[in-house]
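What follows is the content of protein-v6.tsv (TSV, N, CA and C atoms).
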```tsv
chain	number	residue	atom	x	y	z
F	731	MET	N	34.84	22.82	-7.04
F	731	MET	CA	34.97	21.38	-7.14
F	731	MET	C	34.43	20.70	-5.88
F	732	GLY	N	34.60	21.30	-4.70
F	732	GLY	CA	34.15	20.71	-3.45
F	732	GLY	C	32.64	20.59	-3.38
F	733	PHE	N	31.93	21.57	-3.91
F	733	PHE	CA	30.47	21.54	-3.88
F	733	PHE	C	29.93	20.34	-4.66
F	734	PHE	N	30.46	20.14	-5.87
F	734	PHE	CA	29.96	19.05	-6.71
F	734	PHE	C	30.33	17.67	-6.15
F	735	SER	N	31.51	17.57	-5.56
F	735	SER	CA	31.88	16.28	-4.97
F	735	SER	C	31.02	15.99	-3.74
F	736	ASP	N	30.72	17.02	-2.95
F	736	ASP	CA	29.82	16.82	-1.80
F	736	ASP	C	28.42	16.45	-2.26
F	737	PHE	N	27.96	17.12	-3.33
F	737	PHE	CA	26.63	16.83	-3.87
F	737	PHE	C	26.56	15.39	-4.38
F	738	LYS	N	27.60	14.97	-5.10
F	738	LYS	CA	27.66	13.60	-5.61
F	738	LYS	C	27.68	12.60	-4.45
F	739	ALA	N	28.44	12.90	-3.42
F	739	ALA	CA	28.53	12.01	-2.26
F	739	ALA	C	27.17	11.89	-1.56
F	740	SER	N	26.42	13.00	-1.46
F	740	SER	CA	25.12	12.93	-0.81
F	740	SER	C	24.12	12.15	-1.66
F	741	LEU	N	24.26	12.26	-2.98
F	741	LEU	CA	23.35	11.50	-3.86
F	741	LEU	C	23.64	10.01	-3.82
F	742	MET	N	24.88	9.65	-3.59
F	742	MET	CA	25.26	8.25	-3.62
F	742	MET	C	25.07	7.54	-2.28
F	743	LYS	N	24.60	8.26	-1.29
F	743	LYS	CA	24.32	7.62	0.00
F	743	LYS	C	23.19	6.62	-0.17
F	744	GLY	N	23.20	5.61	0.63
F	744	GLY	CA	22.17	4.58	0.54
F	744	GLY	C	20.77	5.10	0.80
F	745	ASP	N	20.63	6.08	1.70
F	745	ASP	CA	19.31	6.60	2.03
F	745	ASP	C	18.66	7.29	0.84
F	746	VAL	N	19.44	8.06	0.10
F	746	VAL	CA	18.89	8.79	-1.05
F	746	VAL	C	18.49	7.80	-2.14
F	747	LEU	N	19.35	6.82	-2.39
F	747	LEU	CA	19.02	5.83	-3.42
F	747	LEU	C	17.80	5.00	-3.02
F	748	SER	N	17.70	4.67	-1.76
F	748	SER	CA	16.53	3.92	-1.28
F	748	SER	C	15.27	4.75	-1.42
F	749	LEU	N	15.37	6.03	-1.09
F	749	LEU	CA	14.23	6.92	-1.21
F	749	LEU	C	13.80	7.05	-2.67
F	750	ALA	N	14.77	7.22	-3.56
F	750	ALA	CA	14.44	7.33	-4.99
F	750	ALA	C	13.77	6.05	-5.49
F	751	THR	N	14.28	4.92	-5.07
F	751	THR	CA	13.67	3.65	-5.46
F	751	THR	C	12.26	3.54	-4.92
F	752	ALA	N	12.06	3.95	-3.69
F	752	ALA	CA	10.72	3.89	-3.08
F	752	ALA	C	9.75	4.80	-3.80
F	753	VAL	N	10.21	5.97	-4.24
F	753	VAL	CA	9.33	6.90	-4.96
F	753	VAL	C	8.90	6.29	-6.29
F	754	VAL	N	9.84	5.69	-7.01
F	754	VAL	CA	9.51	5.08	-8.30
F	754	VAL	C	8.55	3.91	-8.11
F	755	ILE	N	8.85	3.06	-7.15
F	755	ILE	CA	7.97	1.91	-6.89
F	755	ILE	C	6.62	2.38	-6.39
F	756	GLY	N	6.61	3.42	-5.57
F	756	GLY	CA	5.35	3.98	-5.07
F	756	GLY	C	4.49	4.52	-6.20
F	757	GLY	N	5.12	5.18	-7.17
F	757	GLY	CA	4.37	5.68	-8.33
F	757	GLY	C	3.76	4.56	-9.14
F	758	ALA	N	4.54	3.51	-9.34
F	758	ALA	CA	4.03	2.35	-10.08
F	758	ALA	C	2.92	1.66	-9.29
F	759	PHE	N	3.10	1.55	-7.98
F	759	PHE	CA	2.08	0.92	-7.15
F	759	PHE	C	0.81	1.76	-7.14
F	760	GLY	N	0.98	3.09	-7.16
F	760	GLY	CA	-0.18	3.98	-7.22
F	760	GLY	C	-1.00	3.75	-8.48
F	761	LYS	N	-0.33	3.51	-9.59
F	761	LYS	CA	-1.04	3.23	-10.84
F	761	LYS	C	-1.78	1.90	-10.77
F	762	ILE	N	-1.16	0.92	-10.13
F	762	ILE	CA	-1.81	-0.39	-9.97
F	762	ILE	C	-3.05	-0.25	-9.10
F	763	VAL	N	-2.90	0.43	-7.99
F	763	VAL	CA	-4.04	0.62	-7.08
F	763	VAL	C	-5.14	1.44	-7.76
F	764	GLY	N	-4.74	2.50	-8.46
F	764	GLY	CA	-5.73	3.32	-9.17
F	764	GLY	C	-6.50	2.51	-10.21
F	765	SER	N	-5.79	1.67	-10.94
F	765	SER	CA	-6.45	0.82	-11.93
F	765	SER	C	-7.38	-0.18	-11.26
F	766	ALA	N	-6.93	-0.76	-10.15
F	766	ALA	CA	-7.78	-1.71	-9.44
F	766	ALA	C	-9.06	-1.04	-8.96
F	767	VAL	N	-8.92	0.18	-8.46
F	767	VAL	CA	-10.09	0.91	-7.97
F	767	VAL	C	-11.01	1.29	-9.13
F	768	ASP	N	-10.44	1.93	-10.16
F	768	ASP	CA	-11.25	2.44	-11.27
F	768	ASP	C	-11.84	1.34	-12.13
F	769	ASP	N	-11.06	0.29	-12.39
F	769	ASP	CA	-11.46	-0.72	-13.37
F	769	ASP	C	-12.13	-1.96	-12.77
F	770	VAL	N	-11.91	-2.19	-11.49
F	770	VAL	CA	-12.46	-3.41	-10.88
F	770	VAL	C	-13.47	-3.08	-9.79
F	771	ILE	N	-13.07	-2.26	-8.84
F	771	ILE	CA	-13.89	-2.06	-7.65
F	771	ILE	C	-15.03	-1.07	-7.90
F	772	MET	N	-14.75	0.05	-8.55
F	772	MET	CA	-15.80	1.06	-8.77
F	772	MET	C	-16.96	0.56	-9.62
F	773	PRO	N	-16.72	-0.28	-10.65
F	773	PRO	CA	-17.88	-0.84	-11.34
F	773	PRO	C	-18.78	-1.68	-10.43
F	774	ILE	N	-18.16	-2.37	-9.47
F	774	ILE	CA	-18.95	-3.15	-8.51
F	774	ILE	C	-19.72	-2.22	-7.60
F	775	VAL	N	-19.08	-1.14	-7.15
F	775	VAL	CA	-19.77	-0.15	-6.32
F	775	VAL	C	-20.92	0.47	-7.11
F	776	GLY	N	-20.67	0.77	-8.38
F	776	GLY	CA	-21.72	1.32	-9.24
F	776	GLY	C	-22.90	0.36	-9.39
F	777	LEU	N	-22.59	-0.93	-9.49
F	777	LEU	CA	-23.65	-1.93	-9.59
F	777	LEU	C	-24.46	-1.99	-8.29
F	778	ILE	N	-23.77	-1.92	-7.17
F	778	ILE	CA	-24.44	-1.98	-5.87
F	778	ILE	C	-25.32	-0.75	-5.66
F	779	THR	N	-24.83	0.42	-6.08
F	779	THR	CA	-25.58	1.67	-5.87
F	779	THR	C	-26.57	1.95	-6.99
F	780	GLY	N	-26.73	1.02	-7.90
F	780	GLY	CA	-27.70	1.21	-8.98
F	780	GLY	C	-27.19	2.10	-10.10
F	781	GLY	N	-25.88	2.14	-10.31
F	781	GLY	CA	-25.30	2.91	-11.40
F	781	GLY	C	-25.19	4.40	-11.13
F	782	ILE	N	-25.21	4.80	-9.88
F	782	ILE	CA	-25.12	6.22	-9.53
F	782	ILE	C	-23.70	6.71	-9.83
F	783	ASP	N	-23.61	7.81	-10.58
F	783	ASP	CA	-22.32	8.46	-10.83
F	783	ASP	C	-22.22	9.63	-9.86
F	784	PHE	N	-21.46	9.43	-8.80
F	784	PHE	CA	-21.38	10.44	-7.75
F	784	PHE	C	-20.79	11.75	-8.24
F	785	THR	N	-19.94	11.68	-9.27
F	785	THR	CA	-19.30	12.91	-9.75
F	785	THR	C	-20.30	13.86	-10.39
F	786	GLN	N	-21.48	13.40	-10.71
F	786	GLN	CA	-22.51	14.25	-11.32
F	786	GLN	C	-23.50	14.81	-10.30
F	787	LYS	N	-23.29	14.54	-9.05
F	787	LYS	CA	-24.18	15.05	-8.00
F	787	LYS	C	-23.75	16.46	-7.62
F	788	PHE	N	-24.70	17.39	-7.61
F	788	PHE	CA	-24.38	18.78	-7.32
F	788	PHE	C	-25.60	19.50	-6.77
F	789	VAL	N	-25.35	20.67	-6.19
F	789	VAL	CA	-26.40	21.55	-5.71
F	789	VAL	C	-26.14	22.91	-6.36
F	790	SER	N	-27.14	23.46	-7.01
F	790	SER	CA	-27.02	24.77	-7.63
F	790	SER	C	-27.27	25.84	-6.57
F	791	LEU	N	-26.37	26.79	-6.49
F	791	LEU	CA	-26.49	27.84	-5.46
F	791	LEU	C	-27.44	28.97	-5.86
F	792	ASN	N	-27.80	29.05	-7.13
F	792	ASN	CA	-28.69	30.13	-7.55
F	792	ASN	C	-30.17	29.74	-7.49
F	793	GLY	N	-30.45	28.53	-7.03
F	793	GLY	CA	-31.83	28.08	-6.86
F	793	GLY	C	-32.46	27.50	-8.11
F	794	THR	N	-31.82	27.59	-9.26
F	794	THR	CA	-32.35	27.05	-10.51
F	794	THR	C	-32.03	25.56	-10.58
F	795	SER	N	-32.95	24.80	-11.13
F	795	SER	CA	-32.74	23.37	-11.29
F	795	SER	C	-32.17	23.11	-12.68
F	796	TYR	N	-31.10	22.35	-12.74
F	796	TYR	CA	-30.46	22.00	-14.01
F	796	TYR	C	-30.51	20.50	-14.20
F	797	GLU	N	-30.57	20.09	-15.47
F	797	GLU	CA	-30.68	18.68	-15.81
F	797	GLU	C	-29.45	17.89	-15.37
F	798	ASN	N	-28.27	18.47	-15.59
F	798	ASN	CA	-27.04	17.80	-15.19
F	798	ASN	C	-25.97	18.84	-14.89
F	799	LEU	N	-24.83	18.38	-14.45
F	799	LEU	CA	-23.75	19.27	-14.06
F	799	LEU	C	-23.22	20.07	-15.25
F	800	ALA	N	-23.15	19.44	-16.40
F	800	ALA	CA	-22.65	20.14	-17.58
F	800	ALA	C	-23.57	21.31	-17.94
F	801	ALA	N	-24.87	21.12	-17.83
F	801	ALA	CA	-25.82	22.19	-18.13
F	801	ALA	C	-25.68	23.34	-17.14
F	802	ALA	N	-25.46	23.02	-15.87
F	802	ALA	CA	-25.29	24.05	-14.86
F	802	ALA	C	-24.01	24.84	-15.10
F	803	LYS	N	-22.94	24.16	-15.45
F	803	LYS	CA	-21.69	24.86	-15.72
F	803	LYS	C	-21.79	25.69	-16.99
F	804	ALA	N	-22.51	25.17	-18.01
F	804	ALA	CA	-22.68	25.93	-19.25
F	804	ALA	C	-23.48	27.21	-19.00
F	805	ALA	N	-24.40	27.16	-18.06
F	805	ALA	CA	-25.21	28.34	-17.73
F	805	ALA	C	-24.43	29.30	-16.82
F	806	GLY	N	-23.26	28.88	-16.37
F	806	GLY	CA	-22.45	29.74	-15.51
F	806	GLY	C	-22.93	29.77	-14.08
F	807	ALA	N	-23.69	28.78	-13.68
F	807	ALA	CA	-24.23	28.74	-12.32
F	807	ALA	C	-23.14	28.31	-11.34
F	808	SER	N	-23.21	28.86	-10.15
F	808	SER	CA	-22.33	28.41	-9.08
F	808	SER	C	-22.92	27.14	-8.49
F	809	VAL	N	-22.09	26.11	-8.41
F	809	VAL	CA	-22.57	24.82	-7.92
F	809	VAL	C	-21.62	24.27	-6.88
F	810	ILE	N	-22.18	23.51	-5.97
F	810	ILE	CA	-21.39	22.72	-5.03
F	810	ILE	C	-21.46	21.29	-5.53
F	811	THR	N	-20.32	20.77	-5.95
F	811	THR	CA	-20.28	19.40	-6.47
F	811	THR	C	-19.92	18.45	-5.33
F	812	TYR	N	-20.90	18.20	-4.49
F	812	TYR	CA	-20.67	17.32	-3.35
F	812	TYR	C	-20.39	15.90	-3.77
F	813	GLY	N	-20.79	15.55	-4.96
F	813	GLY	CA	-20.54	14.20	-5.46
F	813	GLY	C	-19.06	13.91	-5.62
F	814	ASN	N	-18.27	14.93	-5.96
F	814	ASN	CA	-16.82	14.72	-6.07
F	814	ASN	C	-16.22	14.37	-4.71
F	815	LEU	N	-16.73	15.01	-3.66
F	815	LEU	CA	-16.26	14.68	-2.32
F	815	LEU	C	-16.64	13.25	-1.94
F	816	VAL	N	-17.87	12.87	-2.23
F	816	VAL	CA	-18.32	11.50	-1.95
F	816	VAL	C	-17.45	10.50	-2.71
F	817	GLN	N	-17.18	10.80	-3.99
F	817	GLN	CA	-16.35	9.92	-4.81
F	817	GLN	C	-14.94	9.82	-4.25
F	818	ALA	N	-14.38	10.95	-3.81
F	818	ALA	CA	-13.03	10.95	-3.24
F	818	ALA	C	-12.98	10.14	-1.95
F	819	ILE	N	-14.02	10.25	-1.13
F	819	ILE	CA	-14.07	9.47	0.11
F	819	ILE	C	-14.16	7.98	-0.18
F	820	ILE	N	-15.00	7.62	-1.13
F	820	ILE	CA	-15.12	6.20	-1.51
F	820	ILE	C	-13.78	5.69	-2.03
F	821	ASN	N	-13.14	6.46	-2.90
F	821	ASN	CA	-11.83	6.06	-3.42
F	821	ASN	C	-10.81	5.91	-2.31
F	822	PHE	N	-10.81	6.85	-1.36
F	822	PHE	CA	-9.86	6.78	-0.25
F	822	PHE	C	-10.07	5.51	0.58
F	823	VAL	N	-11.31	5.21	0.90
F	823	VAL	CA	-11.60	4.02	1.70
F	823	VAL	C	-11.18	2.75	0.95
F	824	ILE	N	-11.48	2.70	-0.33
F	824	ILE	CA	-11.14	1.51	-1.11
F	824	ILE	C	-9.64	1.37	-1.25
F	825	ILE	N	-8.95	2.47	-1.55
F	825	ILE	CA	-7.49	2.42	-1.68
F	825	ILE	C	-6.85	2.06	-0.35
F	826	SER	N	-7.35	2.61	0.74
F	826	SER	CA	-6.80	2.29	2.06
F	826	SER	C	-6.98	0.80	2.37
F	827	LEU	N	-8.14	0.27	2.05
F	827	LEU	CA	-8.38	-1.16	2.26
F	827	LEU	C	-7.44	-1.99	1.41
F	828	PHE	N	-7.26	-1.62	0.15
F	828	PHE	CA	-6.39	-2.34	-0.76
F	828	PHE	C	-4.95	-2.34	-0.24
F	829	ILE	N	-4.47	-1.18	0.19
F	829	ILE	CA	-3.11	-1.08	0.71
F	829	ILE	C	-2.97	-1.87	2.00
F	830	PHE	N	-3.99	-1.83	2.86
F	830	PHE	CA	-3.96	-2.60	4.10
F	830	PHE	C	-3.83	-4.09	3.81
F	831	ILE	N	-4.57	-4.58	2.83
F	831	ILE	CA	-4.51	-6.00	2.47
F	831	ILE	C	-3.13	-6.37	1.96
F	832	VAL	N	-2.54	-5.52	1.10
F	832	VAL	CA	-1.21	-5.80	0.56
F	832	VAL	C	-0.17	-5.78	1.67
F	833	LEU	N	-0.23	-4.78	2.57
F	833	LEU	CA	0.74	-4.70	3.66
F	833	LEU	C	0.59	-5.86	4.63
F	834	ARG	N	-0.63	-6.27	4.87
F	834	ARG	CA	-0.87	-7.40	5.77
F	834	ARG	C	-0.28	-8.68	5.19
F	835	ALA	N	-0.46	-8.88	3.88
F	835	ALA	CA	0.12	-10.05	3.22
F	835	ALA	C	1.65	-10.00	3.27
F	836	ALA	N	2.22	-8.80	3.09
F	836	ALA	CA	3.67	-8.66	3.16
F	836	ALA	C	4.18	-8.96	4.56
F	837	GLU	N	3.47	-8.52	5.58
F	837	GLU	CA	3.87	-8.80	6.97
F	837	GLU	C	3.81	-10.29	7.27
F	838	LYS	N	2.78	-10.96	6.77
F	838	LYS	CA	2.68	-12.41	7.00
F	838	LYS	C	3.82	-13.13	6.31
F	839	ALA	N	4.18	-12.71	5.10
F	839	ALA	CA	5.29	-13.34	4.39
F	839	ALA	C	6.60	-13.09	5.13
F	840	LYS	N	6.75	-11.90	5.69
F	840	LYS	CA	7.97	-11.55	6.43
F	840	LYS	C	8.07	-12.39	7.70
F	841	LYS	N	6.94	-12.59	8.39
F	841	LYS	CA	6.95	-13.39	9.62
F	841	LYS	C	7.31	-14.84	9.32
F	842	LYS	N	6.85	-15.37	8.18
F	842	LYS	CA	7.19	-16.74	7.80
F	842	LYS	C	8.69	-16.87	7.55
F	843	GLU	N	9.29	-15.85	6.93
F	843	GLU	CA	10.73	-15.88	6.68
F	843	GLU	C	11.50	-15.82	7.99
F	844	GLU	N	11.02	-15.01	8.94
F	844	GLU	CA	11.71	-14.89	10.23
F	844	GLU	C	11.54	-16.14	11.08
F	845	ALA	N	10.42	-16.82	10.95
F	845	ALA	CA	10.15	-18.00	11.75
F	845	ALA	C	10.85	-19.23	11.19
F	846	ALA	N	11.45	-19.14	10.03
F	846	ALA	CA	12.04	-20.28	9.35
F	846	ALA	C	13.37	-20.78	9.90
F	847	PRO	N	14.13	-20.03	10.73
F	847	PRO	CA	15.44	-20.54	11.12
F	847	PRO	C	15.31	-21.91	11.79
F	848	ALA	N	16.23	-22.80	11.41
F	848	ALA	CA	16.20	-24.16	11.93
F	848	ALA	C	16.66	-24.18	13.38
F	849	ALA	N	16.04	-25.05	14.15
F	849	ALA	CA	16.41	-25.19	15.55
F	849	ALA	C	17.81	-25.78	15.63
F	850	PRO	N	18.61	-25.31	16.57
F	850	PRO	CA	19.97	-25.86	16.68
F	850	PRO	C	19.90	-27.34	17.02
F	851	ALA	N	20.69	-28.09	16.31
F	851	ALA	CA	20.69	-29.54	16.51
F	851	ALA	C	21.37	-29.87	17.83
F	852	GLY	N	20.75	-30.75	18.58
F	852	GLY	CA	21.33	-31.19	19.84
F	852	GLY	C	22.41	-32.23	19.58
F	853	PRO	N	23.05	-32.66	20.61
F	853	PRO	CA	24.10	-33.67	20.42
F	853	PRO	C	23.49	-34.99	19.95
F	854	THR	N	24.25	-35.67	19.12
F	854	THR	CA	23.77	-36.96	18.62
F	854	THR	C	23.91	-38.01	19.72
F	855	GLN	N	23.35	-39.18	19.46
F	855	GLN	CA	23.39	-40.26	20.45
F	855	GLN	C	24.83	-40.71	20.67
F	856	GLU	N	25.61	-40.72	19.62
F	856	GLU	CA	27.01	-41.13	19.74
F	856	GLU	C	27.79	-40.14	20.61
F	857	GLU	N	27.51	-38.83	20.43
F	857	GLU	CA	28.20	-37.83	21.23
F	857	GLU	C	27.83	-37.96	22.70
F	858	LEU	N	26.57	-38.24	22.98
F	858	LEU	CA	26.15	-38.43	24.37
F	858	LEU	C	26.82	-39.65	24.99
F	859	LEU	N	26.88	-40.74	24.24
F	859	LEU	CA	27.53	-41.96	24.76
F	859	LEU	C	29.02	-41.71	24.99
F	860	THR	N	29.64	-40.93	24.11
F	860	THR	CA	31.05	-40.62	24.28
F	860	THR	C	31.26	-39.78	25.54
F	861	GLN	N	30.38	-38.84	25.78
F	861	GLN	CA	30.50	-38.03	26.99
F	861	GLN	C	30.30	-38.87	28.24
F	862	ILE	N	29.34	-39.80	28.21
F	862	ILE	CA	29.11	-40.68	29.37
F	862	ILE	C	30.33	-41.55	29.61
F	863	ARG	N	30.90	-42.09	28.55
F	863	ARG	CA	32.09	-42.94	28.69
F	863	ARG	C	33.25	-42.16	29.31
F	864	ASP	N	33.43	-40.91	28.81
F	864	ASP	CA	34.52	-40.09	29.34
F	864	ASP	C	34.30	-39.76	30.80
F	865	LEU	N	33.06	-39.52	31.19
F	865	LEU	CA	32.76	-39.23	32.60
F	865	LEU	C	33.00	-40.45	33.46
F	866	LEU	N	32.67	-41.63	32.94
F	866	LEU	CA	32.86	-42.87	33.72
F	866	LEU	C	34.35	-43.18	33.88
F	867	LYS	N	35.15	-42.83	32.88
F	867	LYS	CA	36.58	-43.07	32.98
F	867	LYS	C	37.21	-42.22	34.08
F	868	LYS	N	36.66	-41.01	34.30
F	868	LYS	CA	37.20	-40.12	35.33
F	868	LYS	C	36.85	-40.68	36.68
```

Take the structure in this file and express it as C-alpha cells.
Amino acid sequence: MGFFSDFKASLMKGDVLSLATAVVIGGAFGKIVGSAVDDVIMPIVGLITGGIDFTQKFVSLNGTSYENLAAAKAAGASVITYGNLVQAIINFVIISLFIFIVLRAAEKAKKKEEAAPAAPAGPTQEELLTQIRDLLKK
C-alpha cells in the first residue's frame, strides 16, 4: 500500500503535472510548426529554388547514373541521399526561426504585463494642506 500511495503522491506533485501539460502542449505546438513549415514555408522555398525537391538528391556509390532515387533503390544501388540532410537542415533553420519569433512575441507580451503596475499615488492636495496646517499649529 505504501508504494502506491507514494507513487500517487509523486504523480500529483505540481512539477509532474506541469511537465505533462508541457509535453502535451509541446506536441500540439510541434504539429502547428510542422504544418507551417510543410504547408506554408516550404512551398515558398521551393518557388525560390525553382521547384527543387531536395529529398530526391542523391549520389550513387556504384558509379552508375540513375534517373531518380526510386530507380536507384529499385536497382539495389547504394546511395548517399544528401538531399535529406539538406532538407533537414532547411527545416531546422525554419523551425528555429519560427520558434524564436513566437518566443520573442511571448517575451514582449510578458514585459508589457510586468510594466503595467500603476505608480503609487502621492498624497492629494488636501492631504498636503492638512499636513502643513498641522505643522503650523505645532

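The coordinates place atom CA of F:Ala750 at 29.0 Å from atom CA of F:Ile819.
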
Inset, instruction - Would you list the contacts of F:Asp783 as a ChimeraX atom specification, taking every protein, DNA or RNA residue within 7 Å and counting only N, CA and C atoms, but skipping same-chain residues closer than 4 positions in sequence? - result: /F:776,787,813

Given the selection you just returned, output its residues as a file containing N, CA and C atoms, formatted as an mmCIF file, in the frame of the given file.
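And here is the file that came out, selection20.cif:
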```
data_model
loop_
_atom_site.group_PDB
_atom_site.id
_atom_site.type_symbol
_atom_site.label_atom_id
_atom_site.label_comp_id
_atom_site.auth_asym_id
_atom_site.auth_seq_id
_atom_site.Cartn_x
_atom_site.Cartn_y
_atom_site.Cartn_z
ATOM 1 N N GLY F 776 -20.670 0.770 -8.380
ATOM 2 C CA GLY F 776 -21.720 1.320 -9.240
ATOM 3 C C GLY F 776 -22.900 0.360 -9.390
ATOM 4 N N LYS F 787 -23.290 14.540 -9.050
ATOM 5 C CA LYS F 787 -24.180 15.050 -8.000
ATOM 6 C C LYS F 787 -23.750 16.460 -7.620
ATOM 7 N N GLY F 813 -20.790 15.550 -4.960
ATOM 8 C CA GLY F 813 -20.540 14.200 -5.460
ATOM 9 C C GLY F 813 -19.060 13.910 -5.620
#
```

What are the centre and the three edge lengths of an axis-aligned box that wraps all atoms of stretch 789-801 of chain F in the file, given that 5 Å is added to every side, written as lines of an AutoDock Vina configuration file and rounded to one decimal in Å?
```
center_x = -27.8
center_y = 24.0
center_z = -11.8
size_x = 20.3
size_y = 22.3
size_z = 22.7
```

Legend entry - DSSP helix (DSSP H, G or I) selection over chain F, as a PyMOL selection string: chain F and resi 732-741+744-778+784-786+799-804+812-845+855-867

Inset, instruction - Just the strand (DSSP E) stuff from chain F, please, per backbone DSSP, written as a ChimeraX atom specification. - result: /F:789-790,809-810

Legend entry - Polymer residues at most 9 Å from F:Ile810, only C-alpha atoms, same-chain spacing of 5 or more positions, as JSON, numbers by chain: {"F": [787, 788, 789, 790, 791]}

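Going from atom CA of F:Asn798 to atom CA of F:Thr779 covers 18.7 Å.
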
Inset, instruction - Can you work out the spacing between atom CA of F:Ser748 and atom CA of F:Val823 in Å, to one decimal? - result: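 Computing it gives 28.3 Å between the two atoms.
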
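If you measure from each of F:Ala851, F:Ile820, F:Ile831, F:Leu858 to F:Ile771 using only C-alpha atoms, the closest one turns out to be F:Ile820.
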